[in-house]
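> Have a look at the structure that comes next, please.
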Amino acid sequence: MVISFFYSLSILVALSFTLRNKRLHLFEVIFLWIIITFFYQSIITILSSNMKLLEVTTNIETNWAYVSSRLVLIPTLITWFIEFSTFKKLKAVYIVFMILIMITFDFLFEATSVIKHVNWSIWKSLITWFIFVWIIISLHRGYRAILKREVRL
Amino acid sequence: MILELPNKWDSNEWAILIFLLISFIIIVCLPKRFPKSVTLLMLMFGLIVAKTLDHILGIPPYDLYDTNDLKKYEFSDVFLYILYMPFSYIFFYSYDYLKLRGGLLISFLLSWAVFAVFFEWISLKLKIIHYGAWKLFYSFPIYLLVLCFSLLFYHLLKWKFLKTRKDEGEWQ
């Protein structure tokens, strides 16, 4: 049930993102996917193995649901919001909305027993996601500046 | 501690440091071949493939192998991931330079897969990697698959770059 839900959601989000007209260059999308996936997976490892603030399911089926979310769902959603925040007005509103959605997913993963938070609070989620999004947006801006000199955006 | 320090500074840390130094010297010395935006993606490709495979196979529920001293995320692990960056770049560079087709391309991919297995064997001896249920010969098909995927990635980058480049002289 959990695996079907997260797989379906990942496919739907990825399809919707792929089929619409994107304003980001393909290289930006690849760059964003790489950095989001790298940092997201690193944070999960740090929180679970080093700080013991997170327990990731050891059930193989549920774990694959989490893999699809880490590799497809979360990176696609964040890329989508970064696209909005790059090209639309009210950038801050999109960023705040993105952080709220990510926090909702954190607690959705917990509700479906994919992960279990230990000594965690919504404030810790808020701070973690804020720093995460800030790093991603800064790196994206740097990459976009390099890209602008070489290709038509 | 957010990132753990190694238990003891020994063979694995020295090896990672020396490999990093050598590989980055090689890529700095190589004549420029790709635009900066493409070079960055080629470097990061190795990083993300290694991180993703480790995150699926190296931690529970599979937990097939570990890297470096601890069953935690260490500073040495971060440097180990960085080490994959020059490797992927050199692979793309040699593929672009040699422009091989047919049987020669297959030999090229097989040679890289053999080299990767050999490098993994050295990493085992230097205690950079510790196997659980994993076996060295499992790695060969994984490397082949990753290398084939790398070629697709290369052609995707080239196709998009040539379609949208500003300077006609860049990356012929």
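We name chains A, B, ... following the order of the structure tokens; residues begin at 1 in each chain, and ligands are numbered from 1 as shown.
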Quick one: residues within 12 Å of Phe149 of chain B, only C-alpha atoms, excluding same-chain residues fewer than 3 positions away - as a ChimeraX atom specification?
/B:45-46,49,88,92,109,142-146,152-156
> Let me see the file: selected residues, N, CA and C atoms, as a compact mmCIF listing (two decimals), in the first residue's frame.

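The new file selection_17.txt reads:
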```
# COMPACT_ATOMS: atom_id res chain seq x y z
N PHE B 45 28.48 13.87 -11.83
CA PHE B 45 27.84 12.61 -12.19
C PHE B 45 28.42 11.46 -11.35
N GLY B 46 29.76 11.41 -11.24
CA GLY B 46 30.41 10.35 -10.46
C GLY B 46 30.00 10.42 -9.00
N VAL B 49 26.24 9.15 -8.54
CA VAL B 49 26.07 7.71 -8.75
C VAL B 49 26.60 6.96 -7.52
N SER B 88 34.95 10.13 -12.95
CA SER B 88 33.92 10.23 -13.99
C SER B 88 34.35 11.22 -15.07
N PHE B 92 34.66 10.51 -19.15
CA PHE B 92 34.01 11.29 -20.22
C PHE B 92 35.05 11.90 -21.16
N LEU B 109 34.68 0.13 -22.84
CA LEU B 109 33.80 0.00 -21.66
C LEU B 109 34.27 -1.15 -20.76
N ILE B 142 27.65 -4.11 -12.28
CA ILE B 142 27.17 -2.79 -11.83
C ILE B 142 27.98 -1.69 -12.53
N TYR B 143 29.31 -1.87 -12.57
CA TYR B 143 30.16 -0.87 -13.24
C TYR B 143 29.82 -0.77 -14.73
N LEU B 144 29.60 -1.93 -15.35
CA LEU B 144 29.26 -1.91 -16.78
C LEU B 144 27.97 -1.12 -17.03
N LEU B 145 26.99 -1.38 -16.17
CA LEU B 145 25.70 -0.70 -16.29
C LEU B 145 25.87 0.81 -16.10
N VAL B 146 26.64 1.19 -15.07
CA VAL B 146 26.87 2.61 -14.79
C VAL B 146 27.61 3.27 -15.96
N LEU B 152 25.07 7.45 -22.13
CA LEU B 152 23.80 8.11 -22.45
C LEU B 152 23.80 9.53 -21.90
N PHE B 153 24.31 9.67 -20.69
CA PHE B 153 24.38 10.99 -20.04
C PHE B 153 25.25 11.94 -20.87
N TYR B 154 26.39 11.43 -21.34
CA TYR B 154 27.31 12.23 -22.16
C TYR B 154 26.60 12.73 -23.43
N HIS B 155 25.90 11.81 -24.11
CA HIS B 155 25.25 12.20 -25.37
C HIS B 155 24.09 13.18 -25.13
N LEU B 156 23.41 13.01 -24.00
CA LEU B 156 22.35 13.96 -23.65
C LEU B 156 22.93 15.35 -23.44
```
> Compile the residues of chain A that lie within 9 Å of chain B, evaluated using only C-alpha atoms, and express the compilation as number ranges by chain.
A: 26-27, 30-31, 34-35, 37-38, 41-42, 45-51, 56-60, 63-64, 67, 71, 143-144, 146-147, 149-153
> Just checking: using only C-alpha atoms, which residue out of B:Met85, B:Ile18, B:Phe140, B:Trp159 ends up closest to Trp171 of chain B?
B:Trp159
> So which bits of segment 49-165 of chain B end up helix (DSSP H, G or I) when you DSSP the backbone, as a PyMOL selection string?
chain B and resi 49-57+75-98+102-125+136-164
> Report the distance between atom CA of Ser10 of chain A and atom CA of Ser69 of chain A in Å, rounded to one decimal place.
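Between these atoms lies a distance of 6.5 Å.
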> Taking the backbone alone, and naming residues the way the document does, which bits of segment 45-165 of chain B are strand (DSSP E or B) by DSSP, as a count of residues only?
8
> Taking only C-alpha atoms into account, produce a table as a tab-separated table in which each residue of segment 73-107 of chain A with an atom at most 12 Å from an atom of segment 118-125 of chain A appears once, together with its shortest atom pair and the distance in Å to one decimal, ordered by chain and rising number.

```
residue	atom	partner	partner_atom	distance
A:Ile99	CA	A:Ser125	CA	9.1
A:Leu100	CA	A:Ser125	CA	9.6
A:Ile101	CA	A:Ser125	CA	11.3
A:Met102	CA	A:Ser125	CA	8.8
A:Ile103	CA	A:Ser125	CA	6.3
A:Thr104	CA	A:Ser125	CA	9.7
A:Phe105	CA	A:Ser125	CA	10.6
A:Asp106	CA	A:Ser125	CA	8.0
A:Phe107	CA	A:Ile122	CA	9.1
```
> Selection from above, N, CA, C and O atoms, as a PDB file, in the first residue's frame, can you write it?

```pdb
ATOM      1  N   ILE A  99       8.943  24.952   1.658  1.00  0.00           N
ATOM      2  CA  ILE A  99       9.407  24.424   2.952  1.00  0.00           C
ATOM      3  C   ILE A  99       8.237  23.760   3.685  1.00  0.00           C
ATOM      4  O   ILE A  99       8.380  22.668   4.260  1.00  0.00           O
ATOM      5  N   LEU A 100       7.068  24.377   3.622  1.00  0.00           N
ATOM      6  CA  LEU A 100       5.893  23.800   4.301  1.00  0.00           C
ATOM      7  C   LEU A 100       5.511  22.445   3.684  1.00  0.00           C
ATOM      8  O   LEU A 100       5.185  21.498   4.405  1.00  0.00           O
ATOM      9  N   ILE A 101       5.589  22.370   2.369  1.00  0.00           N
ATOM     10  CA  ILE A 101       5.273  21.091   1.692  1.00  0.00           C
ATOM     11  C   ILE A 101       6.273  20.010   2.113  1.00  0.00           C
ATOM     12  O   ILE A 101       5.908  18.871   2.392  1.00  0.00           O
ATOM     13  N   MET A 102       7.552  20.392   2.188  1.00  0.00           N
ATOM     14  CA  MET A 102       8.583  19.418   2.565  1.00  0.00           C
ATOM     15  C   MET A 102       8.380  18.926   4.001  1.00  0.00           C
ATOM     16  O   MET A 102       8.541  17.747   4.293  1.00  0.00           O
ATOM     17  N   ILE A 103       7.991  19.844   4.891  1.00  0.00           N
ATOM     18  CA  ILE A 103       7.712  19.449   6.279  1.00  0.00           C
ATOM     19  C   ILE A 103       6.510  18.505   6.305  1.00  0.00           C
ATOM     20  O   ILE A 103       6.505  17.493   7.019  1.00  0.00           O
ATOM     21  N   THR A 104       5.510  18.800   5.480  1.00  0.00           N
ATOM     22  CA  THR A 104       4.335  17.923   5.409  1.00  0.00           C
ATOM     23  C   THR A 104       4.763  16.515   4.976  1.00  0.00           C
ATOM     24  O   THR A 104       4.309  15.518   5.533  1.00  0.00           O
ATOM     25  N   PHE A 105       5.684  16.450   3.983  1.00  0.00           N
ATOM     26  CA  PHE A 105       6.156  15.133   3.530  1.00  0.00           C
ATOM     27  C   PHE A 105       6.908  14.408   4.638  1.00  0.00           C
ATOM     28  O   PHE A 105       6.762  13.198   4.805  1.00  0.00           O
ATOM     29  N   ASP A 106       7.718  15.159   5.421  1.00  0.00           N
ATOM     30  CA  ASP A 106       8.427  14.552   6.557  1.00  0.00           C
ATOM     31  C   ASP A 106       7.440  13.810   7.449  1.00  0.00           C
ATOM     32  O   ASP A 106       7.680  12.683   7.877  1.00  0.00           O
ATOM     33  N   PHE A 107       6.349  14.491   7.757  1.00  0.00           N
ATOM     34  CA  PHE A 107       5.373  13.897   8.687  1.00  0.00           C
ATOM     35  C   PHE A 107       4.500  12.844   7.997  1.00  0.00           C
ATOM     36  O   PHE A 107       4.033  11.919   8.654  1.00  0.00           O
TER      37      PHE A 107
END
```
> Compare A:Val2, A:Tyr40, A:Ile11, A:Glu28 by their minimum atom-to-atom distance to Pro75 of chain A, counting only C-alpha atoms, and give me the closest one.
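Ranking A:Val2, A:Tyr40, A:Ile11, A:Glu28 by distance to Pro75 of chain A, first place goes to A:Tyr40.
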> Using only C-alpha atoms, find the one residue out of A:Ile135, A:Leu12, A:Met1, A:Leu32 that sits nearest to Glu61 of chain A.
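Closest to Glu61 of chain A, using only C-alpha atoms: A:Met1.
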> Any idea what's packed within 9 Å of Leu126 of chain B, counting only C-alpha atoms, ignoring anything in its chain fewer than 5 positions away? Could you give it as a list of chain:residue names?
B:Ser11, B:Asn12, B:Ala15, B:Trp121
> Keeping only C-alpha atoms, write the selected residues as a PDB file, in the first residue's frame.

```
ATOM      1  CA  SER B  11      45.948   3.560   5.455  1.00  0.00           C
ATOM      2  CA  ASN B  12      42.428   4.386   4.232  1.00  0.00           C
ATOM      3  CA  ALA B  15      45.051   6.465   0.404  1.00  0.00           C
ATOM      4  CA  TRP B 121      40.126  -4.408  -4.940  1.00  0.00           C
TER       5      TRP B 121
END
```
> Need to verify the contact set: Leu9 of chain A, 12 Å, only C-alpha atoms, exclusion of same-chain residues closer than 3 positions in sequence. Can you return it as a list in words?
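Listing them by chain and then by number gives Val2, Ile3, Ser4, Phe5, Phe6, Leu12, Val13, Ala14, Leu15, Ser16, Ala65, Tyr66, Ser68, Ser69, Val72, Leu73, Ile74, Thr76, Leu77 and Phe105 of chain A.
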